[in-house]
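A.B. asks: Structure: query-v9.cif, mmCIF, C-alpha atoms and all ligand atoms; chains and numbers go by the auth columns.
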data_entry
loop_
_atom_site.group_PDB
_atom_site.id
_atom_site.type_symbol
_atom_site.label_atom_id
_atom_site.label_comp_id
_atom_site.label_asym_id
_atom_site.label_seq_id
_atom_site.Cartn_x
_atom_site.Cartn_y
_atom_site.Cartn_z
_atom_site.B_iso_or_equiv
_atom_site.auth_seq_id
_atom_site.auth_asym_id
ATOM 1 C CA SER A 1 28.416 25.930 10.241 0.00 11 A
ATOM 2 C CA ALA A 2 27.535 23.682 7.296 0.00 12 A
ATOM 3 C CA ALA A 3 27.838 20.638 9.543 0.00 13 A
ATOM 4 C CA ASP A 4 25.297 22.128 11.980 0.00 14 A
ATOM 5 C CA VAL A 5 22.881 22.813 9.137 0.00 15 A
ATOM 6 C CA MET A 6 23.267 19.220 7.887 0.00 16 A
ATOM 7 C CA ARG A 7 22.679 17.834 11.371 0.00 17 A
ATOM 8 C CA ARG A 8 19.572 19.963 11.811 0.00 18 A
ATOM 9 C CA LEU A 9 18.195 18.838 8.440 0.00 19 A
ATOM 10 C CA GLN A 10 18.881 15.201 9.225 0.00 20 A
ATOM 11 C CA ARG A 11 17.079 15.563 12.555 0.00 21 A
ATOM 12 C CA GLN A 12 14.101 17.194 10.825 0.00 22 A
ATOM 13 C CA VAL A 13 13.834 14.354 8.310 0.00 23 A
ATOM 14 C CA ARG A 14 14.214 11.756 11.058 0.00 24 A
ATOM 15 C CA ASP A 15 11.431 13.336 13.168 0.00 25 A
ATOM 16 C CA PHE A 16 9.269 13.734 10.057 0.00 26 A
ATOM 17 C CA LEU A 17 9.580 10.026 9.182 0.00 27 A
ATOM 18 C CA LEU A 18 9.153 8.941 12.819 0.00 28 A
ATOM 19 C CA GLU A 19 5.524 10.151 12.823 0.00 29 A
ATOM 20 C CA TYR A 20 4.854 7.888 9.835 0.00 30 A
ATOM 21 C CA LYS A 21 6.450 4.968 11.633 0.00 31 A
ATOM 22 C CA PHE A 22 4.079 5.566 14.564 0.00 32 A
ATOM 23 C CA GLY A 23 1.070 5.768 12.235 0.00 33 A
ATOM 24 C CA LEU A 24 2.186 2.523 10.662 0.00 34 A
ATOM 25 C CA ASP A 25 2.500 0.898 14.092 0.00 35 A
ATOM 26 C CA GLU A 26 -1.092 1.892 14.912 0.00 36 A
ATOM 27 C CA VAL A 27 -2.470 0.457 11.667 0.00 37 A
ATOM 28 C CA ALA A 28 -0.286 -2.662 11.927 0.00 38 A
ATOM 29 C CA THR A 29 -1.778 -3.331 15.362 0.00 39 A
ATOM 30 C CA LYS A 30 -5.272 -3.050 13.921 0.00 40 A
ATOM 31 C CA VAL A 31 -4.447 -5.467 11.115 0.00 41 A
ATOM 32 C CA GLY A 32 -2.732 -7.801 13.580 0.00 42 A
ATOM 33 C CA ILE A 33 -5.851 -7.903 15.754 0.00 43 A
ATOM 34 C CA LEU A 34 -8.078 -8.697 12.765 0.00 44 A
ATOM 35 C CA ARG A 35 -5.699 -11.408 11.689 0.00 45 A
ATOM 36 C CA GLU A 36 -5.609 -13.044 15.107 0.00 46 A
ATOM 37 C CA GLN A 37 -9.369 -12.942 15.377 0.00 47 A
ATOM 38 C CA PHE A 38 -9.779 -14.430 11.890 0.00 48 A
ATOM 39 C CA ASP A 39 -7.169 -17.100 12.606 0.00 49 A
ATOM 40 C CA ALA A 40 -9.102 -18.110 15.696 0.00 50 A
ATOM 41 C CA THR A 41 -12.543 -18.132 14.111 0.00 51 A
ATOM 42 C CA ALA A 42 -12.549 -18.328 10.312 0.00 52 A
ATOM 43 C CA ALA A 43 -12.430 -21.624 8.432 0.00 53 A
ATOM 44 C CA ILE A 44 -9.993 -20.135 5.924 0.00 54 A
ATOM 45 C CA SER A 45 -7.990 -17.182 7.181 0.00 55 A
ATOM 46 C CA PRO A 46 -8.649 -14.151 4.947 0.00 56 A
ATOM 47 C CA ILE A 47 -5.228 -12.648 5.663 0.00 57 A
ATOM 48 C CA GLU A 48 -2.267 -14.473 4.186 0.00 58 A
ATOM 49 C CA HIS A 49 0.545 -11.997 4.707 0.00 59 A
ATOM 50 C CA VAL A 50 1.144 -8.471 6.030 0.00 60 A
ATOM 51 C CA LYS A 51 4.069 -6.208 5.217 0.00 61 A
ATOM 52 C CA THR A 52 4.721 -2.684 6.407 0.00 62 A
ATOM 53 C CA ARG A 53 7.223 -0.109 5.242 0.00 63 A
ATOM 54 C CA VAL A 54 8.083 3.547 5.669 0.00 64 A
ATOM 55 C CA LYS A 55 9.190 4.992 2.330 0.00 65 A
ATOM 56 C CA SER A 56 12.953 5.425 2.289 0.00 66 A
ATOM 57 C CA PRO A 57 14.258 9.018 2.052 0.00 67 A
ATOM 58 C CA GLU A 58 15.702 8.077 -1.380 0.00 68 A
ATOM 59 C CA SER A 59 12.409 6.751 -2.726 0.00 69 A
ATOM 60 C CA LEU A 60 10.577 9.744 -1.227 0.00 70 A
ATOM 61 C CA SER A 61 12.890 12.288 -2.818 0.00 71 A
ATOM 62 C CA ARG A 62 12.581 10.460 -6.163 0.00 72 A
ATOM 63 C CA LYS A 63 8.790 10.726 -5.951 0.00 73 A
ATOM 64 C CA VAL A 64 8.960 14.407 -4.935 0.00 74 A
ATOM 65 C CA ALA A 65 11.292 15.160 -7.858 0.00 75 A
ATOM 66 C CA ALA A 66 9.247 13.134 -10.352 0.00 76 A
ATOM 67 C CA ARG A 67 6.053 14.971 -9.362 0.00 77 A
ATOM 68 C CA GLY A 68 7.828 18.347 -9.399 0.00 78 A
ATOM 69 C CA LEU A 69 6.758 19.068 -5.805 0.00 79 A
ATOM 70 C CA PRO A 70 8.448 21.739 -3.709 0.00 80 A
ATOM 71 C CA GLY A 71 10.959 20.132 -1.365 0.00 81 A
ATOM 72 C CA ASP A 72 9.745 21.460 1.991 0.00 82 A
ATOM 73 C CA LEU A 73 8.440 18.941 4.488 0.00 83 A
ATOM 74 C CA ASP A 74 5.015 20.578 4.984 0.00 84 A
ATOM 75 C CA GLN A 75 4.315 20.372 1.249 0.00 85 A
ATOM 76 C CA ILE A 76 5.477 16.757 1.158 0.00 86 A
ATOM 77 C CA ARG A 77 3.285 15.956 4.183 0.00 87 A
ATOM 78 C CA ALA A 78 0.272 17.478 2.418 0.00 88 A
ATOM 79 C CA GLN A 79 0.865 15.889 -0.976 0.00 89 A
ATOM 80 C CA VAL A 80 2.482 12.479 -0.563 0.00 90 A
ATOM 81 C CA ARG A 81 0.190 10.064 1.197 0.00 91 A
ATOM 82 C CA ASP A 82 1.990 6.766 0.775 0.00 92 A
ATOM 83 C CA ILE A 83 4.982 7.494 3.005 0.00 93 A
ATOM 84 C CA ALA A 84 3.609 4.922 5.442 0.00 94 A
ATOM 85 C CA GLY A 85 2.402 1.780 3.698 0.00 95 A
ATOM 86 C CA VAL A 86 0.779 -1.481 4.740 0.00 96 A
ATOM 87 C CA ARG A 87 0.318 -4.278 2.225 0.00 97 A
ATOM 88 C CA ILE A 88 -2.114 -7.048 3.048 0.00 98 A
ATOM 89 C CA THR A 89 -2.323 -10.126 0.838 0.00 99 A
ATOM 90 C CA CYS A 90 -5.386 -12.324 0.935 0.00 100 A
ATOM 91 C CA PRO A 91 -6.108 -15.690 -0.693 0.00 101 A
ATOM 92 C CA TYR A 92 -9.416 -14.675 -2.293 0.00 102 A
ATOM 93 C CA VAL A 93 -10.935 -11.491 -3.749 0.00 103 A
ATOM 94 C CA ALA A 94 -13.835 -11.759 -1.254 0.00 104 A
ATOM 95 C CA ASP A 95 -11.244 -11.606 1.538 0.00 105 A
ATOM 96 C CA VAL A 96 -9.929 -8.314 0.152 0.00 106 A
ATOM 97 C CA ARG A 97 -13.431 -6.844 0.487 0.00 107 A
ATOM 98 C CA LEU A 98 -13.888 -8.377 3.939 0.00 108 A
ATOM 99 C CA VAL A 99 -10.638 -6.941 5.301 0.00 109 A
ATOM 100 C CA ALA A 100 -11.297 -3.527 3.734 0.00 110 A
ATOM 101 C CA ALA A 101 -14.774 -3.409 5.282 0.00 111 A
ATOM 102 C CA ALA A 102 -13.401 -4.387 8.701 0.00 112 A
ATOM 103 C CA LEU A 103 -10.923 -1.502 8.545 0.00 113 A
ATOM 104 C CA GLU A 104 -13.353 1.046 7.095 0.00 114 A
ATOM 105 C CA ARG A 105 -15.693 0.357 10.012 0.00 115 A
ATOM 106 C CA GLN A 106 -13.152 1.496 12.607 0.00 116 A
ATOM 107 C CA GLY A 107 -14.218 4.795 14.146 0.00 117 A
ATOM 108 C CA ASP A 108 -10.742 6.160 14.742 0.00 118 A
ATOM 109 C CA LEU A 109 -9.684 5.679 11.116 0.00 119 A
ATOM 110 C CA THR A 110 -10.659 8.382 8.651 0.00 120 A
ATOM 111 C CA VAL A 111 -10.836 7.034 5.124 0.00 121 A
ATOM 112 C CA LEU A 112 -9.474 9.826 2.931 0.00 122 A
ATOM 113 C CA GLU A 113 -9.686 7.942 -0.345 0.00 123 A
ATOM 114 C CA VAL A 114 -10.451 4.529 -1.794 0.00 124 A
ATOM 115 C CA LYS A 115 -8.772 3.576 -5.064 0.00 125 A
ATOM 116 C CA ASP A 116 -10.380 0.449 -6.387 0.00 126 A
ATOM 117 C CA TYR A 117 -7.991 -0.897 -8.989 0.00 127 A
ATOM 118 C CA ILE A 118 -9.813 -4.242 -8.765 0.00 128 A
ATOM 119 C CA ALA A 119 -13.069 -2.861 -10.138 0.00 129 A
ATOM 120 C CA SER A 120 -11.027 -0.633 -12.476 0.00 130 A
ATOM 121 C CA PRO A 121 -7.584 -2.119 -13.149 0.00 131 A
ATOM 122 C CA LYS A 122 -4.833 0.170 -14.434 0.00 132 A
ATOM 123 C CA PRO A 123 -4.190 -0.072 -18.209 0.00 133 A
ATOM 124 C CA ASN A 124 -0.962 -2.001 -17.517 0.00 134 A
ATOM 125 C CA GLY A 125 -2.974 -4.676 -15.652 0.00 135 A
ATOM 126 C CA TYR A 126 -2.317 -3.561 -12.052 0.00 136 A
ATOM 127 C CA ARG A 127 -5.049 -4.667 -9.655 0.00 137 A
ATOM 128 C CA SER A 128 -5.271 -3.889 -5.947 0.00 138 A
ATOM 129 C CA LEU A 129 -7.531 -2.086 -3.483 0.00 139 A
ATOM 130 C CA HIS A 130 -5.947 0.996 -1.932 0.00 140 A
ATOM 131 C CA LEU A 131 -7.325 2.716 1.146 0.00 141 A
ATOM 132 C CA ILE A 132 -5.717 5.963 2.174 0.00 142 A
ATOM 133 C CA VAL A 133 -6.588 6.380 5.827 0.00 143 A
ATOM 134 C CA GLU A 134 -5.638 8.803 8.532 0.00 144 A
ATOM 135 C CA VAL A 135 -4.911 7.501 12.019 0.00 145 A
ATOM 136 C CA PRO A 136 -4.431 9.587 15.169 0.00 146 A
ATOM 137 C CA VAL A 137 -1.057 9.244 16.843 0.00 147 A
ATOM 138 C CA PHE A 138 -0.779 10.476 20.426 0.00 148 A
ATOM 139 C CA LEU A 139 2.621 12.007 20.992 0.00 149 A
ATOM 140 C CA ALA A 140 3.871 13.336 24.342 0.00 150 A
ATOM 141 C CA ASP A 141 2.953 16.930 23.538 0.00 151 A
ATOM 142 C CA ARG A 142 0.377 16.751 20.728 0.00 152 A
ATOM 143 C CA THR A 143 -1.779 14.514 18.582 0.00 153 A
ATOM 144 C CA VAL A 144 -1.044 14.152 14.894 0.00 154 A
ATOM 145 C CA GLN A 145 -3.195 12.644 12.140 0.00 155 A
ATOM 146 C CA VAL A 146 -0.960 10.398 10.065 0.00 156 A
ATOM 147 C CA PRO A 147 -1.919 9.228 6.554 0.00 157 A
ATOM 148 C CA VAL A 148 -1.260 5.567 5.806 0.00 158 A
ATOM 149 C CA GLU A 149 -1.752 3.805 2.482 0.00 159 A
ATOM 150 C CA ILE A 150 -3.232 0.341 2.898 0.00 160 A
ATOM 151 C CA GLN A 151 -2.894 -1.881 -0.167 0.00 161 A
ATOM 152 C CA ILE A 152 -5.083 -4.970 -0.068 0.00 162 A
ATOM 153 C CA ARG A 153 -4.752 -7.559 -2.826 0.00 163 A
ATOM 154 C CA THR A 154 -4.931 -11.265 -3.558 0.00 164 A
ATOM 155 C CA ILE A 155 -1.876 -13.493 -3.743 0.00 165 A
ATOM 156 C CA ALA A 156 -2.272 -13.567 -7.547 0.00 166 A
ATOM 157 C CA MET A 157 -2.417 -9.748 -7.738 0.00 167 A
ATOM 158 C CA ASP A 158 0.608 -9.516 -5.468 0.00 168 A
ATOM 159 C CA PHE A 159 2.581 -12.021 -7.547 0.00 169 A
ATOM 160 C CA TRP A 160 1.902 -9.909 -10.641 0.00 170 A
ATOM 161 C CA ALA A 161 2.706 -6.588 -8.917 0.00 171 A
ATOM 162 C CA SER A 162 6.035 -7.857 -7.552 0.00 172 A
ATOM 163 C CA ALA A 163 7.102 -9.123 -10.969 0.00 173 A
ATOM 164 C CA GLU A 164 6.036 -5.887 -12.661 0.00 174 A
ATOM 165 C CA HIS A 165 7.922 -3.864 -10.045 0.00 175 A
ATOM 166 C CA GLU A 166 11.074 -5.921 -10.692 0.00 176 A
ATOM 167 C CA LEU A 167 10.671 -5.471 -14.416 0.00 177 A
ATOM 168 C CA ARG A 168 10.326 -1.711 -14.058 0.00 178 A
ATOM 169 C CA TYR A 169 13.392 -1.626 -11.839 0.00 179 A
ATOM 170 C CA LYS A 170 15.397 -3.739 -14.269 0.00 180 A
ATOM 171 C CA PHE A 171 14.572 -1.459 -17.202 0.00 181 A
ATOM 172 C CA ASP A 172 14.841 1.714 -15.147 0.00 182 A
ATOM 173 C CA GLY A 173 11.168 2.564 -15.681 0.00 183 A
ATOM 174 C CA ARG A 174 11.248 2.138 -19.466 0.00 184 A
ATOM 175 C CA VAL A 175 9.942 -1.395 -19.937 0.00 185 A
ATOM 176 C CA PRO A 176 10.067 -2.452 -23.620 0.00 186 A
ATOM 177 C CA GLU A 177 6.658 -2.738 -25.297 0.00 187 A
ATOM 178 C CA GLU A 178 6.975 -6.523 -25.844 0.00 188 A
ATOM 179 C CA HIS A 179 7.362 -7.075 -22.081 0.00 189 A
ATOM 180 C CA SER A 180 4.547 -4.665 -21.197 0.00 190 A
ATOM 181 C CA ARG A 181 2.264 -6.589 -23.525 0.00 191 A
ATOM 182 C CA ILE A 182 3.165 -9.862 -21.827 0.00 192 A
ATOM 183 C CA MET A 183 2.475 -8.273 -18.416 0.00 193 A
ATOM 184 C CA VAL A 184 -1.032 -7.293 -19.551 0.00 194 A
ATOM 185 C CA GLU A 185 -1.589 -10.914 -20.628 0.00 195 A
ATOM 186 C CA ILE A 186 -0.296 -12.260 -17.323 0.00 196 A
ATOM 187 C CA ALA A 187 -2.589 -9.835 -15.479 0.00 197 A
ATOM 188 C CA GLU A 188 -5.528 -11.332 -17.379 0.00 198 A
ATOM 189 C CA THR A 189 -4.363 -14.826 -16.432 0.00 199 A
ATOM 190 C CA ALA A 190 -4.042 -13.749 -12.791 0.00 200 A
ATOM 191 C CA CYS A 191 -7.550 -12.309 -12.915 0.00 201 A
ATOM 192 C CA ALA A 192 -8.880 -15.559 -14.388 0.00 202 A
ATOM 193 C CA LEU A 193 -7.098 -17.461 -11.607 0.00 203 A
ATOM 194 C CA ASP A 194 -8.766 -15.251 -8.988 0.00 204 A
ATOM 195 C CA ASP A 195 -12.150 -15.917 -10.585 0.00 205 A
ATOM 196 C CA GLN A 196 -11.560 -19.683 -10.566 0.00 206 A
ATOM 197 C CA MET A 197 -10.350 -19.588 -6.988 0.00 207 A
ATOM 198 C CA SER A 198 -13.495 -17.666 -6.022 0.00 208 A
ATOM 199 C CA GLU A 199 -15.544 -20.522 -7.491 0.00 209 A
ATOM 200 C CA LEU A 200 -13.534 -22.986 -5.448 0.00 210 A
ATOM 201 C CA ARG A 201 -14.020 -20.899 -2.311 0.00 211 A
ATOM 202 C CA ARG A 202 -17.777 -21.080 -2.746 0.00 212 A
ATOM 203 C CA VAL A 203 -17.516 -24.866 -2.829 0.00 213 A
ATOM 204 C CA LEU A 204 -15.188 -24.945 0.180 0.00 214 A
ATOM 205 C CA LEU A 205 -17.446 -22.726 2.257 0.00 215 A
ATOM 206 C CA THR A 206 -20.723 -24.523 1.522 0.00 216 A
HETATM 207 P P1 LIG B . 6.570 1.861 -4.103 0.00 301 A
HETATM 208 O O1 LIG B . 7.963 1.507 -4.505 0.00 301 A
HETATM 209 O O2 LIG B . 5.694 0.663 -3.968 0.00 301 A
HETATM 210 O O3 LIG B . 6.503 2.780 -2.938 0.00 301 A
HETATM 211 P P2 LIG B . -1.366 9.498 -6.469 0.00 301 A
HETATM 212 O O4 LIG B . -0.776 9.447 -5.089 0.00 301 A
HETATM 213 O O5 LIG B . -2.811 9.091 -6.517 0.00 301 A
HETATM 214 O O6 LIG B . -1.119 10.752 -7.204 0.00 301 A
HETATM 215 P P3 LIG B . 0.242 7.258 -6.887 0.00 301 A
HETATM 216 O O7 LIG B . 1.115 7.611 -5.761 0.00 301 A
HETATM 217 O O8 LIG B . 0.890 6.651 -8.096 0.00 301 A
HETATM 218 O O9 LIG B . -0.602 8.460 -7.367 0.00 301 A
HETATM 219 O O10 LIG B . -0.926 6.332 -6.322 0.00 301 A
HETATM 220 P P4 LIG B . -1.293 4.867 -6.736 0.00 301 A
HETATM 221 O O11 LIG B . -1.508 4.754 -8.185 0.00 301 A
HETATM 222 O O12 LIG B . -2.421 4.505 -5.850 0.00 301 A
HETATM 223 O O13 LIG B . 0.020 4.040 -6.409 0.00 301 A
HETATM 224 C C1 LIG B . 0.588 3.999 -5.168 0.00 301 A
HETATM 225 C C2 LIG B . 1.345 2.702 -4.972 0.00 301 A
HETATM 226 O O14 LIG B . 0.583 1.609 -5.519 0.00 301 A
HETATM 227 C C3 LIG B . 2.685 2.610 -5.676 0.00 301 A
HETATM 228 O O15 LIG B . 3.663 3.208 -4.890 0.00 301 A
HETATM 229 C C4 LIG B . 2.860 1.092 -5.782 0.00 301 A
HETATM 230 O O16 LIG B . 3.230 0.523 -4.545 0.00 301 A
HETATM 231 C C5 LIG B . 1.457 0.651 -6.107 0.00 301 A
HETATM 232 N N1 LIG B . 1.237 0.651 -7.557 0.00 301 A
HETATM 233 C C6 LIG B . 0.460 1.499 -8.254 0.00 301 A
HETATM 234 N N2 LIG B . 0.484 1.206 -9.562 0.00 301 A
HETATM 235 C C7 LIG B . 1.307 0.160 -9.712 0.00 301 A
HETATM 236 C C8 LIG B . 1.730 -0.608 -10.850 0.00 301 A
HETATM 237 O O17 LIG B . 1.369 -0.367 -11.981 0.00 301 A
HETATM 238 N N3 LIG B . 2.580 -1.646 -10.595 0.00 301 A
HETATM 239 C C9 LIG B . 3.022 -1.946 -9.347 0.00 301 A
HETATM 240 N N4 LIG B . 3.870 -2.971 -9.220 0.00 301 A
HETATM 241 N N5 LIG B . 2.657 -1.227 -8.261 0.00 301 A
HETATM 242 C C10 LIG B . 1.803 -0.203 -8.432 0.00 301 A
HETATM 243 P P5 LIG B . 5.010 3.781 -5.547 0.00 301 A
HETATM 244 O O18 LIG B . 5.418 4.972 -4.767 0.00 301 A
HETATM 245 O O19 LIG B . 4.824 3.985 -7.025 0.00 301 A
HETATM 246 O O20 LIG B . 6.054 2.650 -5.396 0.00 301 A
#
Could you write out this structure as structure tokens?
Ligand code: 0O2
C.D. replies:
Amino acid sequence: SAADVMRRLQRQVRDFLLEYKFGLDEVATKVGILREQFDATAAISPIEHVKTRVKSPESLSRKVAARGLPGDLDQIRAQVRDIAGVRITCPYVADVRLVAAALERQGDLTVLEVKDYIASPKPNGYRSLHLIVEVPVFLADRTVQVPVEIQIRTIAMDFWASAEHELRYKFDGRVPEEHSRIMVEIAETACALDDQMSELRRVLLT
């Protein structure tokens, strides 16, 4: 019956997303360990805040539709790599590099891609370091490699990105030119702030 079909589909989506939740748990543990070690040893902790999320089915289907991808789960698994996401905010740009290096070193993580929007910011002003990694998840009957997107950015970059996200949401993706221009200016201010803070950090650490 139609109800059976719906139930089966719902179960498929639930199981599909569950693997991403497990992948996220594995990466969150790794980040948690780094954070605890840094907290215990570093003069200034390089990790300020950590947030994890599995993309909601709504947001996932919006992305699939927007990209014109076929709707089957295997295609989505192969093509959408930010279903599991970890966002790490750090006080200083040097901390972003430090945390990224500590993760990239881990033998059980496969780095699939690095997108360095700090070295090359997006035209709208977005800055952040993205690592797409794959982590093994050991299930009862098999092992799966789960992609996880790790976004690492400074507090200033995060402040900007949250505001820009809100703005895009408010204007349903069509942000008026005058606001976009202001966002580019604010991104430059945020970048200047990061540079000044880096100077301060040098003083604090010497
Ligand atoms: P949400 O709501 O955060 O999940 P690609 O996969 O390379 O074809 P994609 O997926 O756009 O292209 O990759 P990219 O550019 O690395 O962006 C992935 C995520 O980075 C986005 O996820 C955002 O979280 C963040 N991001 C990228 N660009 C911007 C930006 O200009 N502003 C803000 N605020 N965030 C950005 P989602 O799925 O778009 O959104």
A.B. asks: Taking the file as I've supplied it (selection: the PyMOL selection byres (((chain A and resi 45-56) around 8) and not hetatm)), which residues are included? Please answer as a list in words.
C.D. replies: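 Going through the file, the PyMOL selection byres (((chain A and resi 45-56) around 8) and not hetatm) ends up selecting Val41, Gly42, Ile43, Leu44, Ile57, Glu58, Cys100, Pro101, Tyr102, Asp105, Val106, Leu108 and Val109 of chain A.
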A.B. asks: Set the distance at 10 Å and use all atoms listed in the file: which residues neighbour Val90 (chain A) once local chain neighbours fewer than 2 positions away are removed? I'd like the list as a list in words.
C.D. replies: Leu70, Lys73, Val74, Arg77, Leu79, Gln85, Ile86, Arg87, Ala88, Asp92, Ile93, Ala94 and Pro157 of chain A
A.B. asks: Restricting the calculation to all atoms listed in the file, which member of A:Thr153, A:Thr120, A:Gln20, A:Gln161 is positioned closest to ligand LIG 301 (chain A)?
C.D. replies: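 Closest residue, counting all atoms listed in the file: A:Gln161.
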A.B. asks: Would you write out, as a count of residues only, every residue that the PyMOL selection byres (((chain A and resi 27-30) around 12) and not hetatm) captures in this file?
C.D. replies: 46
A.B. asks: Would you kindly return, as a compact mmCIF listing (two decimals) with C-alpha atoms, in the coordinates of the input, each protein, DNA or RNA residue with an atom no farther than 9 Å from any atom of Cys201 (chain A), considering only C-alpha atoms and excluding same-chain residues fewer than 4 positions away?
C.D. replies:
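around.txt, freshly written:
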# COMPACT_ATOMS: atom_id res chain seq x y z
CA ARG A 137 -5.05 -4.67 -9.65
CA ALA A 166 -2.27 -13.57 -7.55
CA MET A 167 -2.42 -9.75 -7.74
CA ILE A 196 -0.30 -12.26 -17.32
CA ALA A 197 -2.59 -9.84 -15.48
CA ASP A 205 -12.15 -15.92 -10.58
CA GLN A 206 -11.56 -19.68 -10.57
A.B. asks: For the structure provided, state which residues fall under the PyMOL selection byres (((chain A and resi 170) around 12) and not hetatm), and present them as a ChimeraX atom specification.
C.D. replies: /A:134-138,163-169,171-177,192-201,203
A.B. asks: For CA of Asp182 (chain A) and atom O11 of ligand LIG 301 (chain A), determine how far apart the two atoms are, in Å to one decimal place.
C.D. replies: 18.0 Å
A.B. asks: Provide the CA of Tyr127 (chain A) to CA of Phe181 (chain A) distance in Å, to one decimal place.
C.D. replies: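 Separating CA of Tyr127 (chain A) from CA of Phe181 (chain A) is a distance of 24.0 Å.
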A.B. asks: Atom O8 of ligand LIG 301 (chain A) and CA of Thr99 (chain A) are how many Å apart?
C.D. replies: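 A separation of 19.3 Å between them.
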A.B. asks: Identify which of the residues A:Ala111, A:Leu139, A:Ala75, A:Met16 lies closest to ligand LIG 301 (chain A), counting all atoms listed in the file when measuring atom-to-atom distances.
C.D. replies: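 Checking each of A:Ala111, A:Leu139, A:Ala75, A:Met16 against ligand LIG 301 (chain A), counting all atoms listed in the file, the winner is A:Leu139.
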A.B. asks: From the options A:Ala76, A:Val121, A:Val185, A:Ile128, which residue's atoms come nearest to Val143 (chain A), counting only C-alpha atoms?
C.D. replies: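 Ranked by minimum distance to Val143 (chain A), first place goes to A:Val121.
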A.B. asks: A:Asp204, A:Glu114, A:Glu68, A:Asp84: which is nearest ligand LIG 301 (chain A), counting only C-alpha atoms and all ligand atoms?
C.D. replies: A:Glu68
A.B. asks: For ligand LIG 301 (chain A), which residue among A:Arg212, A:His189, A:Arg184, A:Lys132 is the nearest when counting all atoms listed in the file?
C.D. replies: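 Residue with the minimum atom-to-atom distance to ligand LIG 301 (chain A): A:Lys132.
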A.B. asks: Restricting the calculation to all atoms listed in the file, which member of A:Glu187, A:Glu123, A:Asp151, A:Glu209 is positioned closest to ligand LIG 301 (chain A)?
C.D. replies: A:Glu123
A.B. asks: What are the centre and the three edge lengths of an axis-aligned box that wraps all atoms of region 22-31 of chain A in the file, given that 6 Å is added to every side, written as JSON and rounded to one decimal in Å?
C.D. replies:
{"center_x": 9.5, "center_y": 11.1, "center_z": 10.7, "size_x": 21.4, "size_y": 24.2, "size_z": 16.9}
